[in-house]
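Colleague: Provided below: data.cif, containing mmCIF, C-alpha atoms.
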data_data
loop_
_atom_site.label_atom_id
_atom_site.label_comp_id
_atom_site.auth_asym_id
_atom_site.auth_seq_id
_atom_site.Cartn_x
_atom_site.Cartn_y
_atom_site.Cartn_z
CA MET A 1 2.55 0.90 10.76
CA LYS A 2 1.47 -2.63 11.60
CA LYS A 3 3.75 -5.63 11.88
CA LYS A 4 2.41 -7.23 8.69
CA ASP A 5 3.12 -4.00 6.76
CA VAL A 6 6.70 -3.94 8.02
CA THR A 7 7.10 -7.62 7.11
CA PHE A 8 5.73 -6.96 3.62
CA THR A 9 8.04 -3.99 3.09
CA ILE A 10 11.13 -5.87 4.26
CA GLY A 11 10.22 -8.90 2.14
CA LEU A 12 9.56 -6.74 -0.91
CA THR A 13 12.89 -4.97 -0.46
CA ILE A 14 14.79 -8.25 -0.18
CA LEU A 15 12.99 -9.71 -3.22
CA MET A 16 13.67 -6.65 -5.35
CA GLY A 17 17.30 -6.61 -4.20
CA VAL A 18 17.71 -10.19 -5.34
CA ILE A 19 16.03 -9.41 -8.69
CA TRP A 20 18.34 -6.40 -9.12
CA ALA A 21 21.43 -8.48 -8.31
CA VAL A 22 20.42 -11.23 -10.74
CA GLY A 23 19.83 -8.60 -13.43
CA GLU A 24 23.25 -7.08 -12.79
CA LEU A 25 24.88 -10.50 -13.04
CA VAL A 26 23.09 -11.24 -16.30
CA MET A 27 24.07 -7.86 -17.74
CA GLY A 28 27.63 -8.22 -16.52
CA LEU A 29 28.29 -11.81 -17.57
CA TRP A 30 26.10 -12.68 -20.54
CA LEU A 31 24.65 -9.54 -22.10
CA ALA A 32 26.72 -6.78 -23.60
CA VAL A 33 24.99 -3.55 -22.55
CA VAL A 34 25.98 0.08 -22.49
CA PRO A 35 27.09 1.38 -19.07
CA SER A 36 23.99 3.53 -18.69
CA ALA A 37 21.82 0.38 -18.80
CA HIS A 38 22.91 -0.40 -15.24
CA ILE A 39 21.61 2.96 -14.06
CA PHE A 40 18.31 2.48 -15.87
CA TRP A 41 18.00 -1.04 -14.43
CA PHE A 42 18.55 0.29 -10.91
CA ALA A 43 16.02 3.12 -11.46
CA LEU A 44 13.46 0.66 -12.82
CA ILE A 45 13.84 -1.61 -9.80
CA VAL A 46 13.46 1.35 -7.39
CA ILE A 47 10.38 2.65 -9.23
CA ILE A 48 8.72 -0.77 -9.28
CA THR A 49 9.49 -1.31 -5.59
CA LEU A 50 8.04 2.06 -4.63
CA GLY A 51 4.99 1.49 -6.81
CA ILE A 52 4.23 -1.88 -5.23
CA SER A 53 4.82 -0.48 -1.76
CA VAL A 54 2.44 2.47 -2.32
CA TRP A 55 -0.15 0.16 -3.92
CA HIS A 56 0.05 -2.17 -0.90
CA SER A 57 -0.38 0.72 1.51
CA MET A 58 -3.48 1.90 -0.37
CA ILE A 59 -5.26 -1.44 -0.02
CA GLU A 60 -7.92 -1.01 2.60
CA ASP A 61 -7.58 -3.53 5.38
CA ASN A 62 -10.94 -3.99 7.06
CA SER A 63 -9.55 -5.87 10.05
CA ASP A 64 -8.52 -2.69 11.84
CA LEU A 65 -11.81 -0.89 11.16
CA GLU A 66 -13.61 -2.96 13.77
CA ASP A 67 -12.97 -2.29 17.43
CA PRO A 68 -12.12 -5.60 19.19
CA LYS A 69 -14.04 -4.64 22.33
CA ARG A 70 -17.09 -3.70 20.27
CA ALA A 71 -16.87 -6.99 18.33
CA LYS A 72 -16.71 -8.97 21.58
CA TYR A 73 -19.74 -7.09 22.89
CA GLU A 74 -21.67 -7.80 19.67
CA ARG A 75 -20.86 -11.52 19.86
CA LYS A 76 -21.98 -11.63 23.47
CA VAL A 77 -25.25 -9.82 22.72
CA ASN A 78 -25.96 -12.04 19.71
CA LYS A 79 -25.26 -15.15 21.79
CA ARG A 80 -27.78 -14.03 24.42
CA LYS A 81 -30.41 -13.30 21.77
CA LYS A 82 -30.07 -16.85 20.37
CA ASN A 83 -30.62 -18.40 23.81
#
For this file, write the structure as structure tokens.
Modeller:
Amino acid sequence: MKKKDVTFTIGLTILMGVIWAVGELVMGLWLAVVPSAHIFWFALIVIITLGISVWHSMIEDNSDLEDPKRAKYERKVNKRKKN
């Protein structure tokens, strides 16, 4: 797992935790809900978080498909051809 993937996962987890906490506060202070609504709210947040995380991991990142040494060699060869 790359550093940017770890950063995304941690950021997503913190964001969803804040959204969950705000939802709990709203349900606890302003909205009268049945007790099982808190469980459904938590399950919804977990499902959305997992869905976004899996979707993000499925996105193909082309930056790691190219070998850095090969790219450097190609730039050097192309530079010589231009001269």
Colleague: I would like the residues chosen by the PyMOL selection byres ((chain A and resi 38-51) around 8) on the shown file; could you give them as a PDB file with C-alpha atoms, in the frame of the given file?
Modeller:
ATOM      1  CA  LEU A  12       9.560  -6.740  -0.910  1.00  0.00           C
ATOM      2  CA  THR A  13      12.890  -4.970  -0.460  1.00  0.00           C
ATOM      3  CA  MET A  16      13.670  -6.650  -5.350  1.00  0.00           C
ATOM      4  CA  TRP A  20      18.340  -6.400  -9.120  1.00  0.00           C
ATOM      5  CA  GLY A  23      19.830  -8.600 -13.430  1.00  0.00           C
ATOM      6  CA  GLU A  24      23.250  -7.080 -12.790  1.00  0.00           C
ATOM      7  CA  MET A  27      24.070  -7.860 -17.740  1.00  0.00           C
ATOM      8  CA  VAL A  34      25.980   0.080 -22.490  1.00  0.00           C
ATOM      9  CA  PRO A  35      27.090   1.380 -19.070  1.00  0.00           C
ATOM     10  CA  SER A  36      23.990   3.530 -18.690  1.00  0.00           C
ATOM     11  CA  ALA A  37      21.820   0.380 -18.800  1.00  0.00           C
ATOM     12  CA  ILE A  52       4.230  -1.880  -5.230  1.00  0.00           C
ATOM     13  CA  SER A  53       4.820  -0.480  -1.760  1.00  0.00           C
ATOM     14  CA  VAL A  54       2.440   2.470  -2.320  1.00  0.00           C
ATOM     15  CA  TRP A  55      -0.150   0.160  -3.920  1.00  0.00           C
TER      16      TRP A  55
END
Colleague: Report as number ranges by chain all protein, DNA and RNA residues lying within 12 Å of A:Ser57, evaluated on all atoms listed in the file, omitting residues in the same chain fewer than 5 positions from it.
Modeller: A: 1-2, 4-6, 8-9, 50-52
Colleague: Pick from A:Glu74, A:Pro68, A:His56, A:Leu25: nearest to A:Thr7, with all atoms listed in the file counted?
Modeller: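 For A:Thr7, the nearest of the given residues is A:His56.
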Colleague: Do you have the atom CA of A:Lys3-atom CA of A:Met58 distance handy?
Modeller: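 Computing it gives 16.1 Å between the two atoms.
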Colleague: Mind pulling up the distance from atom CA of A:Leu15 to atom CA of A:Ile59?
Modeller: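 Straight-line distance from atom CA of A:Ile59 to atom CA of A:Leu15 works out to 20.3 Å.
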Colleague: One decimal, Å: what's the distance from atom CA of A:Gly28 over to atom CA of A:Ile10, could you say?
Modeller: 26.6 Å
